[in-house]
$ cat input23.tsv   # TSV, C-alpha atoms and all ligand atoms
chain	number	residue	atom	x	y	z
C	1	MET	CA	0.00	0.00	0.00
C	2	THR	CA	1.21	3.47	-0.71
C	3	HIS	CA	-0.17	6.90	-0.17
C	4	ASN	CA	1.16	10.41	-0.22
C	5	ASP	CA	0.94	11.59	3.31
C	6	GLU	CA	4.19	11.68	5.23
C	7	THR	CA	3.01	10.14	8.44
C	8	VAL	CA	5.08	7.87	10.62
C	9	ALA	CA	2.37	5.57	11.77
C	10	THR	CA	0.51	5.02	8.55
C	11	PRO	CA	2.44	2.88	6.12
C	12	GLY	CA	3.48	5.23	3.38
C	13	VAL	CA	5.85	5.45	0.49
C	14	GLU	CA	8.86	3.60	1.76
C	15	SER	CA	12.27	5.20	1.49
C	16	GLU	CA	15.22	3.01	0.58
C	17	ALA	CA	16.47	3.13	4.14
C	18	GLU	CA	13.09	2.05	5.50
C	19	LEU	CA	12.93	-0.82	3.08
C	20	ALA	CA	16.41	-2.02	3.95
C	21	PHE	CA	15.53	-1.76	7.60
C	22	GLU	CA	12.33	-3.76	7.13
C	23	GLY	CA	14.20	-6.39	5.19
C	24	ALA	CA	16.74	-6.81	7.95
C	25	LEU	CA	14.07	-7.27	10.59
C	26	ARG	CA	11.91	-9.70	8.68
C	27	PRO	CA	11.54	-13.04	10.43
C	28	LYS	CA	12.87	-15.84	8.22
C	29	SER	CA	10.91	-18.79	9.59
C	30	LEU	CA	7.46	-19.54	10.98
C	31	ASP	CA	8.99	-20.01	14.42
C	32	GLU	CA	10.46	-16.53	14.39
C	33	PHE	CA	7.20	-15.03	13.15
C	34	VAL	CA	5.41	-13.50	16.14
C	35	GLY	CA	1.66	-13.90	16.72
C	36	GLN	CA	-0.98	-14.94	14.15
C	37	GLN	CA	-0.91	-18.28	15.87
C	38	LYS	CA	-3.81	-19.74	13.98
C	39	VAL	CA	-2.47	-18.77	10.58
C	40	ARG	CA	0.95	-20.10	11.49
C	41	GLY	CA	-0.50	-23.46	12.45
C	42	GLN	CA	-2.54	-23.61	9.27
C	43	LEU	CA	0.44	-22.78	7.10
C	44	GLN	CA	2.63	-25.27	8.88
C	45	LEU	CA	0.14	-28.03	8.21
C	46	LEU	CA	-0.30	-27.08	4.60
C	47	LEU	CA	3.43	-26.99	3.92
C	48	ARG	CA	4.10	-30.20	5.77
C	49	ALA	CA	1.37	-32.07	3.89
C	50	ALA	CA	2.78	-30.92	0.57
C	51	GLU	CA	6.24	-31.98	1.60
C	52	MET	CA	5.08	-35.45	2.66
C	53	GLN	CA	3.33	-35.94	-0.65
C	54	ASN	CA	6.22	-34.48	-2.56
C	55	ARG	CA	4.09	-31.93	-4.41
C	56	THR	CA	3.78	-28.17	-4.52
C	57	ALA	CA	1.76	-26.63	-1.71
C	58	ASP	CA	-1.76	-25.34	-2.38
C	59	HIS	CA	-2.09	-21.74	-3.46
C	60	ILE	CA	-2.25	-19.32	-0.56
C	61	LEU	CA	-3.99	-15.98	-0.26
C	62	LEU	CA	-2.80	-13.60	2.45
C	63	ALA	CA	-5.34	-10.92	3.27
C	64	GLY	CA	-5.17	-8.05	5.72
C	65	PRO	CA	-4.24	-4.44	6.34
C	66	PRO	CA	-0.75	-3.16	5.48
C	67	GLY	CA	2.23	-4.00	7.65
C	68	LEU	CA	0.86	-7.13	9.33
C	69	GLY	CA	3.30	-9.53	7.69
C	70	LYS	CA	1.96	-10.63	4.29
C	71	THR	CA	5.21	-10.17	2.38
C	72	THR	CA	7.10	-11.65	5.29
C	73	LEU	CA	4.89	-14.75	5.26
C	74	ALA	CA	5.25	-15.17	1.52
C	75	MET	CA	9.01	-15.24	1.94
C	76	ILE	CA	8.69	-17.66	4.82
C	77	VAL	CA	6.55	-20.01	2.73
C	78	ALA	CA	9.33	-20.24	0.15
C	79	HIS	CA	12.00	-20.53	2.78
C	80	GLU	CA	10.25	-23.19	4.86
C	81	SER	CA	9.46	-25.31	1.85
C	82	ASN	CA	12.95	-24.82	0.48
C	83	ARG	CA	11.70	-23.49	-2.81
C	84	PRO	CA	12.90	-20.57	-4.87
C	85	LEU	CA	10.77	-17.42	-4.69
C	86	ARG	CA	9.68	-15.22	-7.56
C	87	MET	CA	8.26	-11.82	-6.65
C	88	SER	CA	5.79	-9.88	-8.71
C	89	SER	CA	2.91	-7.55	-8.06
C	90	GLY	CA	-0.53	-6.69	-9.39
C	91	PRO	CA	0.42	-3.24	-10.66
C	92	ALA	CA	3.32	-4.79	-12.62
C	93	ILE	CA	0.91	-7.08	-14.45
C	94	GLN	CA	-0.96	-4.74	-16.75
C	95	HIS	CA	-1.49	-7.19	-19.60
C	96	ALA	CA	-1.97	-10.93	-19.87
C	97	GLY	CA	1.39	-10.98	-21.64
C	98	ASP	CA	3.17	-9.70	-18.53
C	99	LEU	CA	1.81	-12.62	-16.58
C	100	ALA	CA	2.51	-15.12	-19.36
C	101	ALA	CA	6.17	-14.07	-19.28
C	102	VAL	CA	6.37	-14.74	-15.56
C	103	LEU	CA	4.41	-18.00	-15.59
C	104	SER	CA	6.20	-19.53	-18.55
C	105	SER	CA	9.59	-18.95	-16.94
C	106	LEU	CA	8.79	-20.43	-13.53
C	107	LEU	CA	11.06	-23.15	-12.21
C	108	PRO	CA	9.39	-26.39	-11.10
C	109	GLY	CA	8.04	-25.97	-7.56
C	110	GLU	CA	8.77	-22.26	-7.44
C	111	VAL	CA	6.76	-20.03	-5.13
C	112	LEU	CA	5.27	-17.13	-7.07
C	113	PHE	CA	4.40	-14.17	-4.89
C	114	ILE	CA	1.99	-11.64	-6.37
C	115	ASP	CA	1.65	-8.67	-4.05
C	116	GLU	CA	-1.43	-6.44	-4.32
C	117	ILE	CA	-3.00	-9.13	-6.44
C	118	HIS	CA	-6.31	-7.21	-6.55
C	119	ARG	CA	-4.64	-4.66	-8.83
C	120	MET	CA	-3.76	-7.11	-11.58
C	121	ALA	CA	-5.27	-6.56	-15.05
C	122	ARG	CA	-8.55	-8.37	-15.71
C	123	SER	CA	-7.17	-10.14	-18.77
C	124	ALA	CA	-4.33	-11.54	-16.66
C	125	GLU	CA	-6.75	-12.80	-14.02
C	126	GLU	CA	-8.30	-15.17	-16.48
C	127	MET	CA	-4.96	-16.55	-17.48
C	128	LEU	CA	-4.14	-17.03	-13.85
C	129	TYR	CA	-7.26	-19.16	-13.21
C	130	LEU	CA	-6.12	-21.74	-15.69
C	131	ALA	CA	-2.52	-21.62	-14.54
C	132	MET	CA	-3.52	-22.16	-10.92
C	133	GLU	CA	-5.82	-25.02	-11.72
C	134	ASP	CA	-4.09	-26.93	-14.48
C	135	PHE	CA	-0.58	-25.47	-14.62
C	136	ARG	CA	-1.32	-24.49	-18.17
C	137	ILE	CA	-1.78	-21.22	-20.02
C	138	ASP	CA	-3.22	-20.30	-23.38
C	139	ILE	CA	-1.04	-17.96	-25.36
C	140	MET	CA	-2.91	-15.85	-27.87
C	141	VAL	CA	-1.13	-15.46	-31.16
C	142	GLY	CA	-2.21	-12.97	-33.79
C	143	LYS	CA	-5.09	-10.53	-33.71
C	144	GLY	CA	-8.69	-10.35	-34.81
C	145	ALA	CA	-10.21	-13.19	-36.86
C	146	GLY	CA	-6.86	-14.90	-37.39
C	147	ALA	CA	-6.04	-15.10	-33.68
C	148	THR	CA	-5.41	-18.55	-32.28
C	149	SER	CA	-4.56	-19.73	-28.82
C	150	ILE	CA	-1.69	-22.09	-28.20
C	151	PRO	CA	-1.80	-24.11	-24.99
C	152	LEU	CA	1.44	-24.18	-23.05
C	153	ASP	CA	2.27	-26.32	-20.05
C	154	ILE	CA	4.00	-24.52	-17.23
C	155	ALA	CA	5.92	-25.81	-14.23
C	156	PRO	CA	3.87	-26.66	-11.15
C	157	PHE	CA	4.11	-23.75	-8.73
C	158	THR	CA	2.58	-22.38	-5.56
C	159	LEU	CA	0.94	-19.01	-5.89
C	160	VAL	CA	1.05	-16.79	-2.85
C	161	GLY	CA	-1.16	-13.76	-3.35
C	162	ALA	CA	-1.32	-10.82	-0.98
C	163	THR	CA	-4.06	-8.25	-0.79
C	164	THR	CA	-5.17	-5.48	1.49
C	165	ARG	CA	-8.60	-5.72	-0.11
C	166	SER	CA	-9.71	-9.30	-0.54
C	167	GLY	CA	-13.23	-8.03	-1.23
C	168	LEU	CA	-12.03	-6.74	-4.58
C	169	LEU	CA	-10.90	-10.15	-5.81
C	170	PRO	CA	-13.28	-11.80	-8.24
C	171	ASN	CA	-14.82	-14.95	-6.81
C	172	PRO	CA	-13.32	-17.33	-9.38
C	173	LEU	CA	-9.87	-16.15	-8.35
C	174	ARG	CA	-10.57	-16.30	-4.64
C	175	ASP	CA	-11.98	-19.82	-5.01
C	176	ARG	CA	-8.80	-21.11	-6.56
C	177	PHE	CA	-6.76	-20.52	-3.46
C	178	GLY	CA	-6.56	-23.64	-1.32
C	179	PHE	CA	-6.17	-21.52	1.76
C	180	THR	CA	-6.86	-17.92	2.70
C	181	ALA	CA	-5.11	-16.47	5.72
C	182	HIS	CA	-6.79	-13.44	7.24
C	183	LEU	CA	-4.16	-11.56	9.18
C	184	GLU	CA	-5.40	-9.79	12.28
C	185	PHE	CA	-4.04	-6.78	14.10
C	186	TYR	CA	-1.55	-7.82	16.80
C	187	ASP	CA	-2.26	-7.48	20.49
C	188	GLU	CA	0.07	-5.56	22.76
C	189	SER	CA	1.97	-8.52	24.14
C	190	GLU	CA	2.68	-9.73	20.61
C	191	LEU	CA	3.83	-6.27	19.62
C	192	GLU	CA	6.12	-6.24	22.63
C	193	GLN	CA	7.72	-9.42	21.34
C	194	VAL	CA	8.17	-7.85	17.92
C	195	LEU	CA	9.77	-4.81	19.55
C	196	VAL	CA	12.08	-6.77	21.83
C	197	ARG	CA	13.26	-8.77	18.87
C	198	ALA	CA	13.90	-5.62	16.85
C	199	ALA	CA	15.66	-3.89	19.77
C	200	VAL	CA	18.04	-6.83	20.07
C	201	MET	CA	18.73	-6.72	16.36
C	202	LEU	CA	19.30	-2.96	16.50
C	203	ASP	CA	21.49	-3.39	19.55
C	204	LEU	CA	19.30	-0.88	21.39
C	205	GLU	CA	19.02	-0.93	25.15
C	206	ILE	CA	15.45	-0.14	26.04
C	207	ARG	CA	13.39	-0.53	29.21
C	208	SER	CA	10.36	-2.76	29.28
C	209	GLU	CA	8.02	0.15	30.19
C	210	ALA	CA	9.28	1.92	27.11
C	211	ILE	CA	8.58	-1.16	25.00
C	212	ALA	CA	5.07	-1.30	26.44
C	213	GLU	CA	4.51	2.35	25.68
C	214	ILE	CA	5.45	1.83	22.03
C	215	ALA	CA	3.38	-1.36	21.80
C	216	GLY	CA	0.30	0.61	22.84
C	217	ARG	CA	0.81	3.15	20.10
C	218	CYS	CA	1.58	1.24	16.95
C	219	ARG	CA	-1.89	0.55	15.62
C	220	GLY	CA	-1.58	-3.19	16.20
C	221	THR	CA	0.96	-3.29	13.38
C	222	PRO	CA	4.50	-4.74	13.49
C	223	ARG	CA	5.75	-2.49	10.72
C	224	ILE	CA	4.73	0.57	12.70
C	225	ALA	CA	6.18	-0.93	15.89
C	226	ASN	CA	9.55	-1.29	14.21
C	227	ARG	CA	9.34	2.14	12.70
C	228	LEU	CA	8.45	3.84	15.96
C	229	LEU	CA	11.25	1.96	17.68
C	230	ARG	CA	13.67	3.45	15.23
C	231	ARG	CA	12.38	6.95	15.88
C	232	VAL	CA	12.80	6.35	19.60
C	233	ARG	CA	16.33	5.13	19.05
C	234	ASP	CA	17.10	8.32	17.06
C	235	PHE	CA	15.58	10.43	19.78
C	236	ALA	CA	17.61	8.76	22.52
C	237	LEU	CA	20.77	9.02	20.47
C	238	VAL	CA	20.44	12.66	19.50
C	239	ASN	CA	19.37	13.81	22.96
C	240	ASP	CA	21.85	11.54	24.68
C	241	VAL	CA	19.19	10.00	26.93
C	242	SER	CA	18.27	6.40	27.62
C	243	ALA	CA	15.33	4.83	25.78
C	244	SER	CA	12.93	5.31	28.69
C	245	ARG	CA	9.18	5.68	28.73
C	246	ASP	CA	9.57	9.46	28.83
C	247	ALA	CA	11.82	9.33	25.81
C	248	VAL	CA	9.17	7.31	23.99
C	249	ARG	CA	6.47	9.81	24.88
C	250	ALA	CA	8.56	12.75	23.79
C	251	ALA	CA	9.67	11.08	20.57
C	252	LEU	CA	6.18	10.03	19.60
C	253	GLU	CA	4.76	13.43	20.41
C	254	LEU	CA	7.33	14.88	18.06
C	255	TYR	CA	6.06	12.55	15.36
C	256	ASP	CA	2.38	13.28	15.99
C	257	VAL	CA	1.48	9.81	17.21
C	258	ASP	CA	-1.10	10.04	19.99
C	259	GLN	CA	-1.84	7.69	22.92
C	260	LEU	CA	-4.03	5.43	20.81
C	261	GLY	CA	-1.42	5.34	18.09
C	262	LEU	CA	-3.45	7.55	15.80
C	263	ASP	CA	-1.34	9.51	13.38
C	264	ARG	CA	-2.09	12.64	11.43
C	265	LEU	CA	-4.18	10.95	8.75
C	266	ASP	CA	-6.22	8.93	11.24
C	267	ARG	CA	-6.94	12.06	13.18
C	268	ALA	CA	-7.77	14.02	10.06
C	269	VAL	CA	-10.34	11.40	9.11
C	270	MET	CA	-11.91	11.32	12.56
C	271	HIS	CA	-11.81	15.06	12.96
C	272	THR	CA	-13.47	15.61	9.62
C	273	MET	CA	-16.19	13.13	10.49
C	274	LEU	CA	-16.88	14.84	13.77
C	275	THR	CA	-16.66	18.47	12.75
C	276	ARG	CA	-17.85	18.50	9.15
C	277	PHE	CA	-20.31	15.65	9.15
C	278	ASP	CA	-21.51	15.75	12.75
C	279	GLY	CA	-20.19	12.24	13.28
C	280	GLY	CA	-21.77	10.81	10.14
C	281	PRO	CA	-23.13	8.78	8.53
C	282	VAL	CA	-20.88	9.87	5.71
C	283	GLY	CA	-19.94	7.96	2.58
C	284	LEU	CA	-16.41	6.69	2.07
C	285	ASN	CA	-15.78	8.77	-1.05
C	286	THR	CA	-17.03	12.00	0.48
C	287	LEU	CA	-14.88	11.38	3.51
C	288	ALA	CA	-11.81	10.60	1.44
C	289	VAL	CA	-12.21	13.72	-0.70
C	290	SER	CA	-12.61	15.83	2.43
C	291	VAL	CA	-9.25	14.71	3.79
C	292	GLY	CA	-7.57	14.81	0.38
C	293	GLU	CA	-6.86	11.08	0.27
C	294	GLU	CA	-7.80	8.26	-2.03
C	295	ALA	CA	-10.84	6.27	-1.01
C	296	GLU	CA	-8.78	3.09	-1.26
C	297	THR	CA	-6.25	4.38	1.26
C	298	VAL	CA	-8.92	5.46	3.69
C	299	GLU	CA	-10.69	2.13	3.37
C	300	ALA	CA	-7.70	-0.22	3.47
C	301	VAL	CA	-5.21	1.68	5.62
C	302	VAL	CA	-7.07	4.03	7.94
C	303	GLU	CA	-10.45	2.48	8.60
C	304	PRO	CA	-9.64	-1.06	9.69
C	305	PHE	CA	-7.77	0.20	12.72
C	306	LEU	CA	-10.34	2.86	13.60
C	307	VAL	CA	-13.01	0.18	13.45
C	308	ARG	CA	-10.93	-2.19	15.49
C	309	ILE	CA	-10.43	0.30	18.34
C	310	GLY	CA	-14.07	1.26	18.24
C	311	LEU	CA	-13.87	4.85	17.04
C	312	LEU	CA	-15.75	4.25	13.84
C	313	THR	CA	-18.39	1.89	12.56
C	314	ARG	CA	-19.41	1.02	9.05
C	315	THR	CA	-23.13	1.10	8.40
C	316	PRO	CA	-25.07	0.64	5.19
C	317	ARG	CA	-25.61	4.40	5.13
C	318	GLY	CA	-21.96	5.27	5.61
C	319	ARG	CA	-19.31	5.67	8.26
C	320	VAL	CA	-20.38	6.73	11.73
C	321	ALA	CA	-18.23	8.02	14.59
C	322	THR	CA	-18.88	6.27	17.90
C	323	ARG	CA	-19.31	7.84	21.30
C	324	ALA	CA	-15.71	6.81	22.08
C	325	ALA	CA	-14.60	8.95	19.15
C	326	TRP	CA	-16.34	12.05	20.50
C	327	GLU	CA	-14.72	11.35	23.85
C	328	HIS	CA	-11.26	10.73	22.46
C	329	PHE	CA	-11.36	14.05	20.66
C	330	GLY	CA	-12.83	15.80	23.67
C	331	MET	CA	-15.97	16.93	21.91
C	332	ALA	CA	-19.63	16.91	22.87
C	333	GLU	CA	-21.54	14.33	20.88
C	334	ARG	CA	-23.95	15.64	18.29
C	335	ASN	CA	-26.42	12.91	17.77
C	336	SER	CA	-26.66	13.10	14.05
C	337	THR	CA	-27.69	9.49	13.63
C	338	LEU	CA	-30.98	10.21	15.34
C	339	PHE	CA	-31.33	13.39	13.42
C	340	SER	CA	-30.90	11.78	10.03
C	341	ASP	CA	-33.29	8.99	11.05
C	342	GLU	CA	-35.96	11.61	11.42
C	343	LEU	CA	-35.43	13.00	7.97
A	401	LIG	N1	4.65	-11.52	12.82
A	401	LIG	C1	5.71	-10.73	12.74
A	401	LIG	N2	6.74	-10.89	13.58
A	401	LIG	C2	7.80	-10.05	13.53
A	401	LIG	N3	7.92	-9.04	12.65
A	401	LIG	C3	6.93	-8.85	11.78
A	401	LIG	C4	5.77	-9.68	11.77
A	401	LIG	N4	4.95	-9.27	10.81
A	401	LIG	C5	5.54	-8.21	10.23
A	401	LIG	N5	6.72	-7.96	10.82
A	401	LIG	C6	7.63	-6.85	10.48
A	401	LIG	O1	6.86	-5.82	9.91
A	401	LIG	C7	7.40	-5.43	8.65
A	401	LIG	C8	6.28	-5.32	7.65
A	401	LIG	O2	5.77	-6.59	7.33
A	401	LIG	P1	5.36	-6.98	5.83
A	401	LIG	O3	6.20	-6.21	4.87
A	401	LIG	O4	5.39	-8.44	5.74
A	401	LIG	O5	3.87	-6.43	5.78
A	401	LIG	P2	2.79	-6.54	4.63
A	401	LIG	O6	1.60	-7.18	5.23
A	401	LIG	O7	3.40	-7.19	3.44
A	401	LIG	O8	2.45	-5.02	4.31
A	401	LIG	P3	1.92	-4.35	2.91
A	401	LIG	O9	0.46	-4.65	2.79
A	401	LIG	O10	2.17	-2.88	3.15
A	401	LIG	O11	2.76	-4.91	1.82
A	401	LIG	C9	8.44	-6.48	8.29
A	401	LIG	O12	9.63	-5.86	7.94
A	401	LIG	C10	8.68	-7.29	9.52
A	401	LIG	O13	9.92	-6.97	10.08
A	402	MG	MG	3.92	-6.40	1.60
$ encode --input "input23.tsv" --output "structure tokens" --more "lines below"
Ligand SMILES: Nc1ncnc2c1ncn2[C@@H]1O[C@H](COP(=O)(O)OP(=O)(O)OP(=O)(O)O)[C@@H](O)[C@H]1O
Ligand SMILES: [Mg+2]
Amino acid sequence: MTHNDETVATPGVESEAELAFEGALRPKSLDEFVGQQKVRGQLQLLLRAAEMQNRTADHILLAGPPGLGKTTLAMIVAHESNRPLRMSSGPAIQHAGDLAAVLSSLLPGEVLFIDEIHRMARSAEEMLYLAMEDFRIDIMVGKGAGATSIPLDIAPFTLVGATTRSGLLPNPLRDRFGFTAHLEFYDESELEQVLVRAAVMLDLEIRSEAIAEIAGRCRGTPRIANRLLRRVRDFALVNDVSASRDAVRAALELYDVDQLGLDRLDRAVMHTMLTRFDGGPVGLNTLAVSVGEEAETVEAVVEPFLVRIGLLTRTPRGRVATRAAWEHFGMAERNSTLFSDEL
């Protein structure tokens, strides 16, 4: 996921340094992967069964908000099953031909990772159905009335698709995955484990209260946990202080991350709902335009966490701020839901 706002807490356009940092901290095996216990168990079983039968593992769909470990898990799948990994992404597949090039050059047993698979071209989707099911593709040769399709066998492979918006996948595609993992936001103790692990790898001495303070402010997301940890490390370094709870508070205040972990964009969305739309209901598109963001970003990046912490609900008539939202922003509730019911 990418968007334009330069916020620390919301996953944004990654700089080279951030990407290198993420890469270094990525767990390499299922055992190292913190949390998502259910998904881990399911994956373990799936990979083990494939190994015992000496075949490629079923296709896997990883669904969930940004930064919860989809790319990491895709890499782990390849690593654990000792298979080479090929990385691609939906936006890179704009024509069926782009996909044909990838599929026809796969090595036997290779794991093909397609990130943001919901953004793949429609024409490529159809090719993918056949490839997933029969390890075969039809190559179209020529144009118009003279066009013919030539069937081509491809090497058996395991597709790992990742999406922040599984709802956008057409059913035939979704049905062809043997297993869909829905990644959940992490709880605080899991985030503490992520942070302790990262602190060790960064060689950062940090108190456990400070770890807990960060864990409570990273939107249930390991990527943000790691990112905030790095900001805290910078803060401690530059100010020549230890990484204490106070240092965490000061550092995160500097970066506009509040006690709930809301960043500037989260707050802009909530604030707009409360002040301009009296708490809603307001439609996704209207809301997105009002904060100058894309609807997709608001829906996939901002909303899931706001829903999870109970500041916002989705109703058939639009998004509605909850009482907790009015309280968090220190405002008196305007009961617009009742009002619009009367209309
Ligand atoms: N379960 C985990 N345990 C430890 N670290 C994790 C875990 N999940 C994610 N991380 C860390 O968070 C970072 C982001 O994870 P990852 O890139 O896999 O997220 P993603 O779901 O692919 O996000 P996006 O949708 O933005 O592509 C990784 O660099 C990794 O270090
Ligand atoms: Mg990813």
$ residues_near_ligand --input "input23.tsv" --ligand "ligand LIG 401 (chain A)" --cutoff "8 Å" --atoms "only C-alpha atoms and all ligand atoms" --output "PDB file with C-alpha atoms, in the coordinates of the input"
ATOM      1  CA  MET C   1       0.000   0.000   0.000  1.00  0.00           C
ATOM      2  CA  THR C   2       1.210   3.470  -0.710  1.00  0.00           C
ATOM      3  CA  PRO C  11       2.440   2.880   6.120  1.00  0.00           C
ATOM      4  CA  LEU C  19      12.930  -0.820   3.080  1.00  0.00           C
ATOM      5  CA  PHE C  21      15.530  -1.760   7.600  1.00  0.00           C
ATOM      6  CA  GLU C  22      12.330  -3.760   7.130  1.00  0.00           C
ATOM      7  CA  GLY C  23      14.200  -6.390   5.190  1.00  0.00           C
ATOM      8  CA  ALA C  24      16.740  -6.810   7.950  1.00  0.00           C
ATOM      9  CA  LEU C  25      14.070  -7.270  10.590  1.00  0.00           C
ATOM     10  CA  ARG C  26      11.910  -9.700   8.680  1.00  0.00           C
ATOM     11  CA  PRO C  27      11.540 -13.040  10.430  1.00  0.00           C
ATOM     12  CA  GLU C  32      10.460 -16.530  14.390  1.00  0.00           C
ATOM     13  CA  PHE C  33       7.200 -15.030  13.150  1.00  0.00           C
ATOM     14  CA  VAL C  34       5.410 -13.500  16.140  1.00  0.00           C
ATOM     15  CA  GLY C  35       1.660 -13.900  16.720  1.00  0.00           C
ATOM     16  CA  GLN C  36      -0.980 -14.940  14.150  1.00  0.00           C
ATOM     17  CA  GLY C  64      -5.170  -8.050   5.720  1.00  0.00           C
ATOM     18  CA  PRO C  65      -4.240  -4.440   6.340  1.00  0.00           C
ATOM     19  CA  PRO C  66      -0.750  -3.160   5.480  1.00  0.00           C
ATOM     20  CA  GLY C  67       2.230  -4.000   7.650  1.00  0.00           C
ATOM     21  CA  LEU C  68       0.860  -7.130   9.330  1.00  0.00           C
ATOM     22  CA  GLY C  69       3.300  -9.530   7.690  1.00  0.00           C
ATOM     23  CA  LYS C  70       1.960 -10.630   4.290  1.00  0.00           C
ATOM     24  CA  THR C  71       5.210 -10.170   2.380  1.00  0.00           C
ATOM     25  CA  THR C  72       7.100 -11.650   5.290  1.00  0.00           C
ATOM     26  CA  LEU C  73       4.890 -14.750   5.260  1.00  0.00           C
ATOM     27  CA  ALA C  74       5.250 -15.170   1.520  1.00  0.00           C
ATOM     28  CA  ASP C 115       1.650  -8.670  -4.050  1.00  0.00           C
ATOM     29  CA  GLU C 116      -1.430  -6.440  -4.320  1.00  0.00           C
ATOM     30  CA  ALA C 162      -1.320 -10.820  -0.980  1.00  0.00           C
ATOM     31  CA  THR C 163      -4.060  -8.250  -0.790  1.00  0.00           C
ATOM     32  CA  THR C 164      -5.170  -5.480   1.490  1.00  0.00           C
ATOM     33  CA  GLN C 193       7.720  -9.420  21.340  1.00  0.00           C
ATOM     34  CA  VAL C 194       8.170  -7.850  17.920  1.00  0.00           C
ATOM     35  CA  ARG C 197      13.260  -8.770  18.870  1.00  0.00           C
ATOM     36  CA  ALA C 198      13.900  -5.620  16.850  1.00  0.00           C
ATOM     37  CA  THR C 221       0.960  -3.290  13.380  1.00  0.00           C
ATOM     38  CA  PRO C 222       4.500  -4.740  13.490  1.00  0.00           C
ATOM     39  CA  ARG C 223       5.750  -2.490  10.720  1.00  0.00           C
ATOM     40  CA  ILE C 224       4.730   0.570  12.700  1.00  0.00           C
ATOM     41  CA  ALA C 225       6.180  -0.930  15.890  1.00  0.00           C
ATOM     42  CA  ASN C 226       9.550  -1.290  14.210  1.00  0.00           C
TER      43      ASN C 226
END
$ closest_residue --input "input23.tsv" --among "C:Arg83, C:Arg317, C:Leu265, C:Met331" --to "Asp278 (chain C)" --atoms "all atoms listed in the file"
C:Met331
$ closest_residue --input "input23.tsv" --among "C:Thr315, C:Cys218, C:Arg227, C:Ala63" --to "Ser166 (chain C)" --atoms "only C-alpha atoms"
C:Ala63
$ closest_residue --input "input23.tsv" --among "C:Glu126, C:Phe305, C:Ala268, C:Val289" --to "Arg217 (chain C)" --atoms "all atoms listed in the file"
C:Phe305
$ axis_aligned_box --input "input23.tsv" --around "region 111-128 of chain C" --padding-each-side "8 Å" --output "lines of an AutoDock Vina configuration file"
center_x = -0.9
center_y = -12.3
center_z = -11.4
size_x = 31.3
size_y = 31.4
size_z = 30.7
